[in-house]
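Printed here is coords_10.json (JSON, C-alpha atoms):
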[["chain", "number", "residue", "atom", "x", "y", "z"],
["I", 1, "ASN", "CA", 82.75, 125.99, 90.05],
["I", 2, "ALA", "CA", 83.20, 124.35, 93.44],
["I", 3, "GLY", "CA", 82.51, 120.81, 92.12],
["I", 4, "VAL", "CA", 81.39, 118.49, 94.92],
["I", 5, "THR", "CA", 81.27, 120.00, 98.40],
["I", 6, "GLN", "CA", 80.93, 117.93, 101.57],
["I", 7, "THR", "CA", 80.32, 119.04, 105.14],
["I", 8, "PRO", "CA", 81.51, 118.55, 107.78],
["I", 9, "LYS", "CA", 85.12, 117.60, 107.04],
["I", 10, "PHE", "CA", 85.62, 116.10, 110.50],
["I", 11, "GLN", "CA", 83.21, 114.84, 113.13],
["I", 12, "VAL", "CA", 83.49, 112.87, 116.36],
["I", 13, "LEU", "CA", 80.37, 111.16, 117.66],
["I", 14, "LYS", "CA", 79.51, 109.01, 120.64],
["I", 15, "THR", "CA", 77.86, 105.63, 120.07],
["I", 16, "GLY", "CA", 74.13, 106.12, 119.58],
["I", 17, "GLN", "CA", 74.29, 109.73, 118.44],
["I", 18, "SER", "CA", 72.89, 110.76, 115.08],
["I", 19, "MET", "CA", 74.24, 113.05, 112.42],
["I", 20, "THR", "CA", 73.85, 114.00, 108.78],
["I", 21, "LEU", "CA", 76.59, 114.40, 106.20],
["I", 22, "GLN", "CA", 75.76, 116.98, 103.58],
["I", 23, "CYS", "CA", 76.80, 116.91, 99.93],
["I", 24, "ALA", "CA", 76.16, 119.39, 97.15],
["I", 25, "GLN", "CA", 77.34, 119.54, 93.53],
["I", 26, "ASP", "CA", 77.16, 122.45, 91.13],
["I", 27, "MET", "CA", 77.87, 120.55, 87.89],
["I", 28, "ASN", "CA", 74.23, 119.76, 87.06],
["I", 29, "HIS", "CA", 74.95, 116.03, 87.42],
["I", 30, "ASN", "CA", 72.07, 113.60, 87.53],
["I", 31, "SER", "CA", 73.64, 110.86, 89.63],
["I", 32, "MET", "CA", 75.08, 111.14, 93.12],
["I", 33, "TYR", "CA", 76.75, 108.60, 95.39],
["I", 34, "TRP", "CA", 77.93, 108.02, 98.93],
["I", 35, "TYR", "CA", 80.98, 105.82, 99.51],
["I", 36, "ARG", "CA", 82.97, 104.86, 102.57],
["I", 37, "GLN", "CA", 86.71, 104.23, 102.56],
["I", 38, "ASP", "CA", 88.33, 102.05, 105.20],
["I", 39, "PRO", "CA", 92.01, 101.08, 105.59],
["I", 40, "GLY", "CA", 93.00, 98.14, 103.42],
["I", 41, "MET", "CA", 89.68, 98.15, 101.53],
["I", 42, "GLY", "CA", 88.50, 99.69, 98.33],
["I", 43, "LEU", "CA", 85.79, 102.31, 98.37],
["I", 44, "ARG", "CA", 82.40, 100.74, 99.01],
["I", 45, "LEU", "CA", 79.09, 102.11, 97.83],
["I", 46, "ILE", "CA", 76.59, 102.91, 100.57],
["I", 47, "TYR", "CA", 73.71, 104.48, 98.65],
["I", 48, "TYR", "CA", 73.25, 106.16, 95.32],
["I", 49, "SER", "CA", 70.73, 108.33, 93.54],
["I", 50, "ALA", "CA", 70.51, 107.89, 89.79],
["I", 51, "SER", "CA", 68.33, 110.97, 89.45],
["I", 52, "GLU", "CA", 66.39, 113.47, 91.52],
["I", 53, "GLY", "CA", 63.68, 111.71, 93.44],
["I", 54, "THR", "CA", 65.24, 108.24, 93.40],
["I", 55, "THR", "CA", 67.59, 106.45, 95.79],
["I", 56, "ASP", "CA", 68.92, 102.90, 95.88],
["I", 57, "LYS", "CA", 70.97, 100.77, 98.21],
["I", 58, "GLY", "CA", 74.57, 100.01, 97.45],
["I", 59, "GLU", "CA", 76.88, 97.37, 98.85],
["I", 60, "VAL", "CA", 76.84, 98.47, 102.53],
["I", 61, "PRO", "CA", 73.58, 100.36, 103.29],
["I", 62, "ASN", "CA", 72.86, 99.05, 106.80],
["I", 63, "GLY", "CA", 72.82, 101.78, 109.44],
["I", 64, "TYR", "CA", 72.44, 104.61, 106.92],
["I", 65, "ASN", "CA", 69.66, 106.58, 105.28],
["I", 66, "VAL", "CA", 69.83, 109.08, 102.42],
["I", 67, "SER", "CA", 67.81, 111.93, 101.02],
["I", 68, "ARG", "CA", 68.06, 113.38, 97.52],
["I", 69, "LEU", "CA", 66.79, 116.80, 98.49],
["I", 70, "ASN", "CA", 66.99, 118.21, 94.96],
["I", 71, "LYS", "CA", 69.25, 117.78, 91.94],
["I", 72, "ARG", "CA", 72.16, 119.46, 93.73],
["I", 73, "GLU", "CA", 72.02, 117.91, 97.19],
["I", 74, "PHE", "CA", 72.33, 114.37, 98.53],
["I", 75, "SER", "CA", 72.60, 113.80, 102.27],
["I", 76, "LEU", "CA", 73.66, 110.76, 104.28],
["I", 77, "ARG", "CA", 72.22, 110.21, 107.75],
["I", 78, "LEU", "CA", 73.44, 107.99, 110.56],
["I", 79, "GLU", "CA", 70.49, 107.50, 112.91],
["I", 80, "SER", "CA", 72.38, 105.72, 115.69],
["I", 81, "ALA", "CA", 76.11, 105.78, 115.14],
["I", 82, "ALA", "CA", 78.21, 102.70, 115.88],
["I", 83, "PRO", "CA", 82.01, 102.35, 116.14],
["I", 84, "SER", "CA", 81.91, 100.23, 112.95],
["I", 85, "GLN", "CA", 80.83, 103.37, 111.10],
["I", 86, "THR", "CA", 84.14, 105.07, 111.85],
["I", 87, "SER", "CA", 85.38, 105.78, 108.34],
["I", 88, "VAL", "CA", 86.05, 108.39, 105.70],
["I", 89, "TYR", "CA", 82.95, 109.15, 103.68],
["I", 90, "PHE", "CA", 83.04, 110.42, 100.12],
["I", 91, "CYS", "CA", 80.27, 111.90, 98.07],
["I", 92, "ALA", "CA", 80.55, 111.71, 94.29],
["I", 93, "SER", "CA", 78.52, 112.75, 91.26],
["I", 94, "THR", "CA", 78.45, 112.06, 87.55],
["I", 95, "LEU", "CA", 76.54, 112.33, 84.33],
["I", 96, "PRO", "CA", 75.63, 108.95, 82.80],
["I", 97, "PRO", "CA", 78.01, 107.86, 79.99],
["I", 98, "GLY", "CA", 76.93, 109.31, 76.67],
["I", 99, "LEU", "CA", 77.73, 111.91, 74.07],
["I", 100, "ARG", "CA", 78.42, 114.58, 76.67],
["I", 101, "SER", "CA", 79.99, 112.44, 79.33],
["I", 102, "THR", "CA", 82.52, 109.67, 79.87],
["I", 103, "GLY", "CA", 80.77, 108.71, 83.09],
["I", 104, "GLU", "CA", 83.66, 110.15, 85.06],
["I", 105, "LEU", "CA", 83.04, 110.34, 88.80],
["I", 106, "PHE", "CA", 83.79, 113.59, 90.59],
["I", 107, "PHE", "CA", 84.50, 113.18, 94.29],
["I", 108, "GLY", "CA", 84.25, 115.53, 97.23],
["I", 109, "GLU", "CA", 87.13, 115.99, 99.64],
["I", 110, "GLY", "CA", 85.75, 113.55, 102.17],
["I", 111, "SER", "CA", 84.26, 113.61, 105.67],
["I", 112, "ARG", "CA", 86.27, 111.88, 108.39],
["I", 113, "LEU", "CA", 83.93, 110.42, 111.00],
["I", 114, "THR", "CA", 85.00, 108.86, 114.29],
["I", 115, "VAL", "CA", 82.49, 107.07, 116.49],
["I", 116, "LEU", "CA", 83.61, 106.47, 120.07],
["D", 117, "LYS", "CA", 83.21, 87.14, 92.51],
["D", 118, "ASN", "CA", 84.01, 90.52, 90.97],
["D", 119, "GLN", "CA", 87.41, 91.62, 92.22],
["D", 120, "VAL", "CA", 90.09, 94.18, 91.44],
["D", 121, "GLU", "CA", 93.60, 93.50, 92.68],
["D", 122, "GLN", "CA", 96.45, 95.98, 92.56],
["D", 123, "SER", "CA", 100.16, 95.55, 92.93],
["D", 124, "PRO", "CA", 102.39, 96.49, 94.49],
["D", 125, "GLN", "CA", 100.65, 97.70, 97.67],
["D", 126, "SER", "CA", 103.30, 100.36, 98.05],
["D", 127, "LEU", "CA", 106.21, 101.68, 96.05],
["D", 128, "ILE", "CA", 109.07, 104.07, 96.72],
["D", 129, "ILE", "CA", 110.95, 105.68, 93.85],
["D", 130, "LEU", "CA", 113.33, 108.58, 93.34],
["D", 131, "GLU", "CA", 112.24, 111.75, 91.64],
["D", 132, "GLY", "CA", 112.73, 111.59, 87.88],
["D", 133, "LYS", "CA", 112.41, 107.82, 87.67],
["D", 134, "ASN", "CA", 109.62, 105.94, 85.87],
["D", 135, "CYS", "CA", 107.34, 103.39, 87.46],
["D", 136, "THR", "CA", 104.51, 101.03, 86.53],
["D", 137, "LEU", "CA", 101.54, 100.05, 88.67],
["D", 138, "GLN", "CA", 99.52, 96.92, 87.96],
["D", 139, "CYS", "CA", 95.84, 96.10, 88.11],
["D", 140, "ASN", "CA", 94.23, 92.68, 87.55],
["D", 141, "TYR", "CA", 90.49, 92.23, 87.55],
["D", 142, "THR", "CA", 87.90, 89.47, 87.40],
["D", 143, "VAL", "CA", 84.91, 91.72, 86.76],
["D", 144, "SER", "CA", 82.32, 90.51, 84.29],
["D", 145, "PRO", "CA", 80.65, 91.78, 82.20],
["D", 146, "PHE", "CA", 83.30, 94.45, 81.71],
["D", 147, "SER", "CA", 82.37, 97.98, 80.71],
["D", 148, "ASN", "CA", 85.33, 100.23, 81.44],
["D", 149, "LEU", "CA", 88.42, 100.61, 83.59],
["D", 150, "ARG", "CA", 89.42, 103.77, 85.39],
["D", 151, "TRP", "CA", 92.50, 104.99, 87.18],
["D", 152, "TYR", "CA", 92.19, 107.55, 89.97],
["D", 153, "LYS", "CA", 94.81, 109.48, 91.90],
["D", 154, "GLN", "CA", 94.11, 110.16, 95.58],
["D", 155, "ASP", "CA", 96.31, 112.57, 97.47],
["D", 156, "THR", "CA", 96.49, 112.08, 101.23],
["D", 157, "GLY", "CA", 93.41, 113.54, 102.89],
["D", 158, "ARG", "CA", 91.72, 114.36, 99.56],
["D", 159, "GLY", "CA", 89.13, 112.79, 97.30],
["D", 160, "PRO", "CA", 90.07, 110.63, 94.30],
["D", 161, "VAL", "CA", 90.60, 112.43, 91.01],
["D", 162, "SER", "CA", 90.13, 110.74, 87.65],
["D", 163, "LEU", "CA", 93.23, 110.13, 85.49],
["D", 164, "THR", "CA", 91.87, 107.95, 82.68],
["D", 165, "ILE", "CA", 88.83, 105.95, 81.62],
["D", 166, "MET", "CA", 89.21, 103.14, 79.06],
["D", 167, "THR", "CA", 86.62, 100.93, 77.41],
["D", 168, "PHE", "CA", 87.40, 97.40, 76.26],
["D", 169, "SER", "CA", 88.22, 98.64, 72.75],
["D", 170, "GLU", "CA", 90.95, 101.01, 73.97],
["D", 171, "ASN", "CA", 94.31, 99.52, 74.83],
["D", 172, "THR", "CA", 96.18, 102.68, 75.76],
["D", 173, "LYS", "CA", 95.32, 106.18, 76.95],
["D", 174, "SER", "CA", 97.55, 108.99, 78.13],
["D", 175, "ASN", "CA", 97.05, 111.94, 80.43],
["D", 176, "GLY", "CA", 100.25, 113.95, 80.52],
["D", 177, "ARG", "CA", 102.97, 111.84, 82.16],
["D", 178, "TYR", "CA", 100.43, 109.12, 82.99],
["D", 179, "THR", "CA", 99.84, 106.33, 80.46],
["D", 180, "ALA", "CA", 97.34, 103.57, 81.11],
["D", 181, "THR", "CA", 97.21, 100.33, 79.17],
["D", 182, "LEU", "CA", 94.47, 97.75, 79.04],
["D", 183, "ASP", "CA", 94.51, 94.12, 77.91],
["D", 184, "ALA", "CA", 90.88, 93.03, 78.03],
["D", 185, "ASP", "CA", 91.81, 89.46, 77.06],
["D", 186, "THR", "CA", 94.06, 88.89, 80.07],
["D", 187, "LYS", "CA", 92.05, 91.32, 82.22],
["D", 188, "GLN", "CA", 95.07, 93.36, 83.13],
["D", 189, "SER", "CA", 95.81, 97.07, 83.19],
["D", 190, "SER", "CA", 98.88, 99.09, 84.03],
["D", 191, "LEU", "CA", 99.53, 102.71, 84.85],
["D", 192, "HIS", "CA", 102.92, 103.99, 83.79],
["D", 193, "ILE", "CA", 104.26, 107.21, 85.29],
["D", 194, "THR", "CA", 107.07, 108.87, 83.40],
["D", 195, "ALA", "CA", 109.70, 111.17, 84.92],
["D", 196, "SER", "CA", 108.09, 111.10, 88.36],
["D", 197, "GLN", "CA", 107.68, 114.26, 90.40],
["D", 198, "LEU", "CA", 107.26, 114.79, 94.15],
["D", 199, "SER", "CA", 103.62, 115.69, 93.48],
["D", 200, "ASP", "CA", 103.03, 112.18, 92.14],
["D", 201, "SER", "CA", 103.19, 110.90, 95.72],
["D", 202, "ALA", "CA", 99.67, 109.57, 96.25],
["D", 203, "SER", "CA", 97.54, 106.46, 96.16],
["D", 204, "TYR", "CA", 96.54, 105.22, 92.72],
["D", 205, "ILE", "CA", 93.26, 103.37, 92.56],
["D", 206, "CYS", "CA", 92.13, 101.05, 89.77],
["D", 207, "VAL", "CA", 88.36, 100.88, 89.31],
["D", 208, "VAL", "CA", 86.44, 98.56, 87.01],
["D", 209, "SER", "CA", 82.87, 99.10, 85.91],
["D", 210, "ALA", "CA", 80.78, 95.97, 85.61],
["D", 211, "ARG", "CA", 78.35, 97.71, 83.33],
["D", 212, "GLU", "CA", 77.81, 101.17, 81.95],
["D", 213, "ASN", "CA", 76.11, 102.50, 85.07],
["D", 214, "THR", "CA", 78.48, 103.74, 87.76],
["D", 215, "ASP", "CA", 76.54, 101.99, 90.54],
["D", 216, "LYS", "CA", 78.48, 98.84, 89.63],
["D", 217, "LEU", "CA", 82.02, 100.10, 90.16],
["D", 218, "ILE", "CA", 84.50, 97.76, 91.86],
["D", 219, "PHE", "CA", 87.40, 99.57, 93.51],
["D", 220, "GLY", "CA", 90.87, 98.21, 94.07],
["D", 221, "THR", "CA", 92.63, 98.92, 97.36],
["D", 222, "GLY", "CA", 95.20, 101.13, 95.66],
["D", 223, "THR", "CA", 98.96, 101.39, 95.32],
["D", 224, "ARG", "CA", 100.63, 103.87, 97.63],
["D", 225, "LEU", "CA", 103.41, 105.66, 95.71],
["D", 226, "GLN", "CA", 106.03, 107.75, 97.44],
["D", 227, "VAL", "CA", 108.45, 109.84, 95.38],
["D", 228, "PHE", "CA", 111.55, 111.03, 97.17],
["D", 229, "PRO", "CA", 114.01, 113.73, 96.03]]
Please re-express this file's structure in structure tokens.
Amino acid sequence: NAGVTQTPKFQVLKTGQSMTLQCAQDMNHNSMYWYRQDPGMGLRLIYYSASEGTTDKGEVPNGYNVSRLNKREFSLRLESAAPSQTSVYFCASTLPPGLRSTGELFFGEGSRLTVL
Amino acid sequence: KNQVEQSPQSLIILEGKNCTLQCNYTVSPFSNLRWYKQDTGRGPVSLTIMTFSENTKSNGRYTATLDADTKQSSLHITASQLSDSASYICVVSARENTDKLIFGTGTRLQVFP
């Protein structure tokens, strides 16, 4: 199993350009998440999808949009990139806590985005 | 305000030595506390998850403790190895759903030979 796969791993954009970060998981997880990680700060939730067909805003959603394409895939789109969006982005997935799950989050390897 | 604070920010130890990382939180209502290991340039990987009723949990050379009364947790690493060099992140869940996770800023551990 590949777990959680993110693409691209690195990207440089100019201010105003758009791009989409792709995420796919092969663990049959219901919930998927997008976080950003900045120096000196804890990971912050951008958007999440509790199940296929639903998405909700997290702590820092401004400037981003998401699509839960199917159970496996959850993409993050920057419509008009700004330097403040320079960050490392992580996708994660989980099953809700229950008999078959501790609610453990599985993370991708990250996508490093630089906006000039 | 829900917060998770970790100390120290960074730590240097020699291979084979033990160390303890601290985590204090003010998250309420509390559901569970997690420790993650993040190697440089990689995604975080789960080490332990503890609910309020668990006061200790081990994963190999990693042992986490939790005192829900004082809202403190520690991660003890025994007989450190070079591969333990990483950031260790404490994460507290404010409720059972993982959309309410509060992340600490991490402790950067460096193990030297």
* **Neighbour list for range 156-160 of chain D as a list in words, cut-off 6 Å, all atoms listed in the file, skip fewer than 4 positions in-chain** =>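 Listed by chain and then number, they are Phe107, Gly108, Glu109 and Gly110 of chain I; Tyr152 of chain D.
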Could you write those residues out with C-alpha atoms, as a PDB file, in the frame of the given file?
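The file below, out-v5.pdb, is the result:
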ATOM      1  CA  PHE I 107      84.500 113.180  94.290  1.00  0.00           C
ATOM      2  CA  GLY I 108      84.250 115.530  97.230  1.00  0.00           C
ATOM      3  CA  GLU I 109      87.130 115.990  99.640  1.00  0.00           C
ATOM      4  CA  GLY I 110      85.750 113.550 102.170  1.00  0.00           C
TER       5      GLY I 110
ATOM      6  CA  TYR D 152      92.190 107.550  89.970  1.00  0.00           C
TER       7      TYR D 152
END
* For chain D, which of I:Gln11, I:Leu21, I:Tyr48, I:Pro83 is the closest residue, counting all atoms listed in the file? ->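 Checking each candidate against chain D, we get I:Tyr48 as the closest.
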* When you draw a straight line from CA of Phe106 in chain I to CA of Gly3 in chain I, how long is it in Å? -> 7.5 Å
* chain I residues near chain D (12 Å cut-off, only C-alpha atoms) as an NGL selection string -> :I and (3-6 or 9-10 or 30-50 or 55-59 or 88-98 or 101-112)
Restricting it to C-alpha atoms, dump the selection as a PDB file, in the frame of the given file.
ATOM      1  CA  GLY I   3      82.510 120.810  92.120  1.00  0.00           C
ATOM      2  CA  VAL I   4      81.390 118.490  94.920  1.00  0.00           C
ATOM      3  CA  THR I   5      81.270 120.000  98.400  1.00  0.00           C
ATOM      4  CA  GLN I   6      80.930 117.930 101.570  1.00  0.00           C
ATOM      5  CA  LYS I   9      85.120 117.600 107.040  1.00  0.00           C
ATOM      6  CA  PHE I  10      85.620 116.100 110.500  1.00  0.00           C
ATOM      7  CA  ASN I  30      72.070 113.600  87.530  1.00  0.00           C
ATOM      8  CA  SER I  31      73.640 110.860  89.630  1.00  0.00           C
ATOM      9  CA  MET I  32      75.080 111.140  93.120  1.00  0.00           C
ATOM     10  CA  TYR I  33      76.750 108.600  95.390  1.00  0.00           C
ATOM     11  CA  TRP I  34      77.930 108.020  98.930  1.00  0.00           C
ATOM     12  CA  TYR I  35      80.980 105.820  99.510  1.00  0.00           C
ATOM     13  CA  ARG I  36      82.970 104.860 102.570  1.00  0.00           C
ATOM     14  CA  GLN I  37      86.710 104.230 102.560  1.00  0.00           C
ATOM     15  CA  ASP I  38      88.330 102.050 105.200  1.00  0.00           C
ATOM     16  CA  PRO I  39      92.010 101.080 105.590  1.00  0.00           C
ATOM     17  CA  GLY I  40      93.000  98.140 103.420  1.00  0.00           C
ATOM     18  CA  MET I  41      89.680  98.150 101.530  1.00  0.00           C
ATOM     19  CA  GLY I  42      88.500  99.690  98.330  1.00  0.00           C
ATOM     20  CA  LEU I  43      85.790 102.310  98.370  1.00  0.00           C
ATOM     21  CA  ARG I  44      82.400 100.740  99.010  1.00  0.00           C
ATOM     22  CA  LEU I  45      79.090 102.110  97.830  1.00  0.00           C
ATOM     23  CA  ILE I  46      76.590 102.910 100.570  1.00  0.00           C
ATOM     24  CA  TYR I  47      73.710 104.480  98.650  1.00  0.00           C
ATOM     25  CA  TYR I  48      73.250 106.160  95.320  1.00  0.00           C
ATOM     26  CA  SER I  49      70.730 108.330  93.540  1.00  0.00           C
ATOM     27  CA  ALA I  50      70.510 107.890  89.790  1.00  0.00           C
ATOM     28  CA  THR I  55      67.590 106.450  95.790  1.00  0.00           C
ATOM     29  CA  ASP I  56      68.920 102.900  95.880  1.00  0.00           C
ATOM     30  CA  LYS I  57      70.970 100.770  98.210  1.00  0.00           C
ATOM     31  CA  GLY I  58      74.570 100.010  97.450  1.00  0.00           C
ATOM     32  CA  GLU I  59      76.880  97.370  98.850  1.00  0.00           C
ATOM     33  CA  VAL I  88      86.050 108.390 105.700  1.00  0.00           C
ATOM     34  CA  TYR I  89      82.950 109.150 103.680  1.00  0.00           C
ATOM     35  CA  PHE I  90      83.040 110.420 100.120  1.00  0.00           C
ATOM     36  CA  CYS I  91      80.270 111.900  98.070  1.00  0.00           C
ATOM     37  CA  ALA I  92      80.550 111.710  94.290  1.00  0.00           C
ATOM     38  CA  SER I  93      78.520 112.750  91.260  1.00  0.00           C
ATOM     39  CA  THR I  94      78.450 112.060  87.550  1.00  0.00           C
ATOM     40  CA  LEU I  95      76.540 112.330  84.330  1.00  0.00           C
ATOM     41  CA  PRO I  96      75.630 108.950  82.800  1.00  0.00           C
ATOM     42  CA  PRO I  97      78.010 107.860  79.990  1.00  0.00           C
ATOM     43  CA  GLY I  98      76.930 109.310  76.670  1.00  0.00           C
ATOM     44  CA  SER I 101      79.990 112.440  79.330  1.00  0.00           C
ATOM     45  CA  THR I 102      82.520 109.670  79.870  1.00  0.00           C
ATOM     46  CA  GLY I 103      80.770 108.710  83.090  1.00  0.00           C
ATOM     47  CA  GLU I 104      83.660 110.150  85.060  1.00  0.00           C
ATOM     48  CA  LEU I 105      83.040 110.340  88.800  1.00  0.00           C
ATOM     49  CA  PHE I 106      83.790 113.590  90.590  1.00  0.00           C
ATOM     50  CA  PHE I 107      84.500 113.180  94.290  1.00  0.00           C
ATOM     51  CA  GLY I 108      84.250 115.530  97.230  1.00  0.00           C
ATOM     52  CA  GLU I 109      87.130 115.990  99.640  1.00  0.00           C
ATOM     53  CA  GLY I 110      85.750 113.550 102.170  1.00  0.00           C
ATOM     54  CA  SER I 111      84.260 113.610 105.670  1.00  0.00           C
ATOM     55  CA  ARG I 112      86.270 111.880 108.390  1.00  0.00           C
TER      56      ARG I 112
END
* Pick out the residues sitting within 10 Å of range 169-175 of chain D, and hand them over as a PyMOL selection string; count only C-alpha atoms, and ignore anything fewer than 4 positions along from it in its own chain. => chain D and resi 147-149+163-165+179-184+189-193
* Choose the residue, out of I:Leu78, I:Val66, I:Val115, I:Val60, that has the smallest atom-to-atom separation from Ser18 in chain I; count only C-alpha atoms. =>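 Using only C-alpha atoms, the shortest distance to Ser18 in chain I belongs to I:Leu78.
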* May I ask which of the residues I:Ala24, I:Leu69, I:Leu113, I:Ala2 is the closest one to Ser84 in chain I, counting only C-alpha atoms? =>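 Looking only at the distances to Ser84 in chain I, the closest residue turns out to be I:Leu113.
Picture a line from CA of Ala210 in chain D to CA of Gln22 in chain I; it runs 28.1 Å.
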* Contacts of Leu225 in chain D at 8 Å (all atoms listed in the file; same-chain gap of 4+ positions) as a PyMOL selection string -> chain D and resi 126-129+200-204
* **Exercise: Ser199 in chain D partners within 10 Å, all atoms listed in the file, chain neighbours under 3 positions left out, as a ChimeraX atom specification** => /D:131,155,196,202,226-228
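Candidate residues D:Lys153, D:Arg177, D:Lys187, D:Lys133 were compared for distance to Pro229 in chain D, and the nearest is D:Lys133, using all atoms listed in the file.
CA of Phe168 in chain D is found 16.9 Å from CA of Gln138 in chain D.
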Could you extract range 167-190 of chain D of the given structure into a file holding C-alpha atoms, as a PDB file, in the first residue's frame?
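Full text of decode_1.pdb as output:
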ATOM      1  CA  THR D 167      -7.227   8.907  25.909  1.00  0.00           C
ATOM      2  CA  PHE D 168      -7.805  10.578  29.271  1.00  0.00           C
ATOM      3  CA  SER D 169      -8.087   7.187  30.988  1.00  0.00           C
ATOM      4  CA  GLU D 170      -4.621   6.058  29.862  1.00  0.00           C
ATOM      5  CA  ASN D 171      -1.642   7.406  31.757  1.00  0.00           C
ATOM      6  CA  THR D 172       1.137   5.596  29.920  1.00  0.00           C
ATOM      7  CA  LYS D 173       1.649   3.989  26.528  1.00  0.00           C
ATOM      8  CA  SER D 174       4.758   2.566  24.925  1.00  0.00           C
ATOM      9  CA  ASN D 175       5.875   2.079  21.346  1.00  0.00           C
ATOM     10  CA  GLY D 176       9.257   0.395  21.360  1.00  0.00           C
ATOM     11  CA  ARG D 177      11.798   2.774  22.899  1.00  0.00           C
ATOM     12  CA  TYR D 178       9.186   5.548  23.068  1.00  0.00           C
ATOM     13  CA  THR D 179       7.042   5.862  26.205  1.00  0.00           C
ATOM     14  CA  ALA D 180       4.389   8.529  26.523  1.00  0.00           C
ATOM     15  CA  THR D 181       2.770   9.533  29.792  1.00  0.00           C
ATOM     16  CA  LEU D 182      -0.344  11.565  30.376  1.00  0.00           C
ATOM     17  CA  ASP D 183      -1.593  13.382  33.466  1.00  0.00           C
ATOM     18  CA  ALA D 184      -5.066  14.602  32.536  1.00  0.00           C
ATOM     19  CA  ASP D 185      -5.444  16.402  35.873  1.00  0.00           C
ATOM     20  CA  THR D 186      -2.439  18.665  35.353  1.00  0.00           C
ATOM     21  CA  LYS D 187      -2.859  18.599  31.555  1.00  0.00           C
ATOM     22  CA  GLN D 188       0.678  17.476  30.966  1.00  0.00           C
ATOM     23  CA  SER D 189       2.247  14.782  28.826  1.00  0.00           C
ATOM     24  CA  SER D 190       5.789  13.614  28.310  1.00  0.00           C
TER      25      SER D 190
END
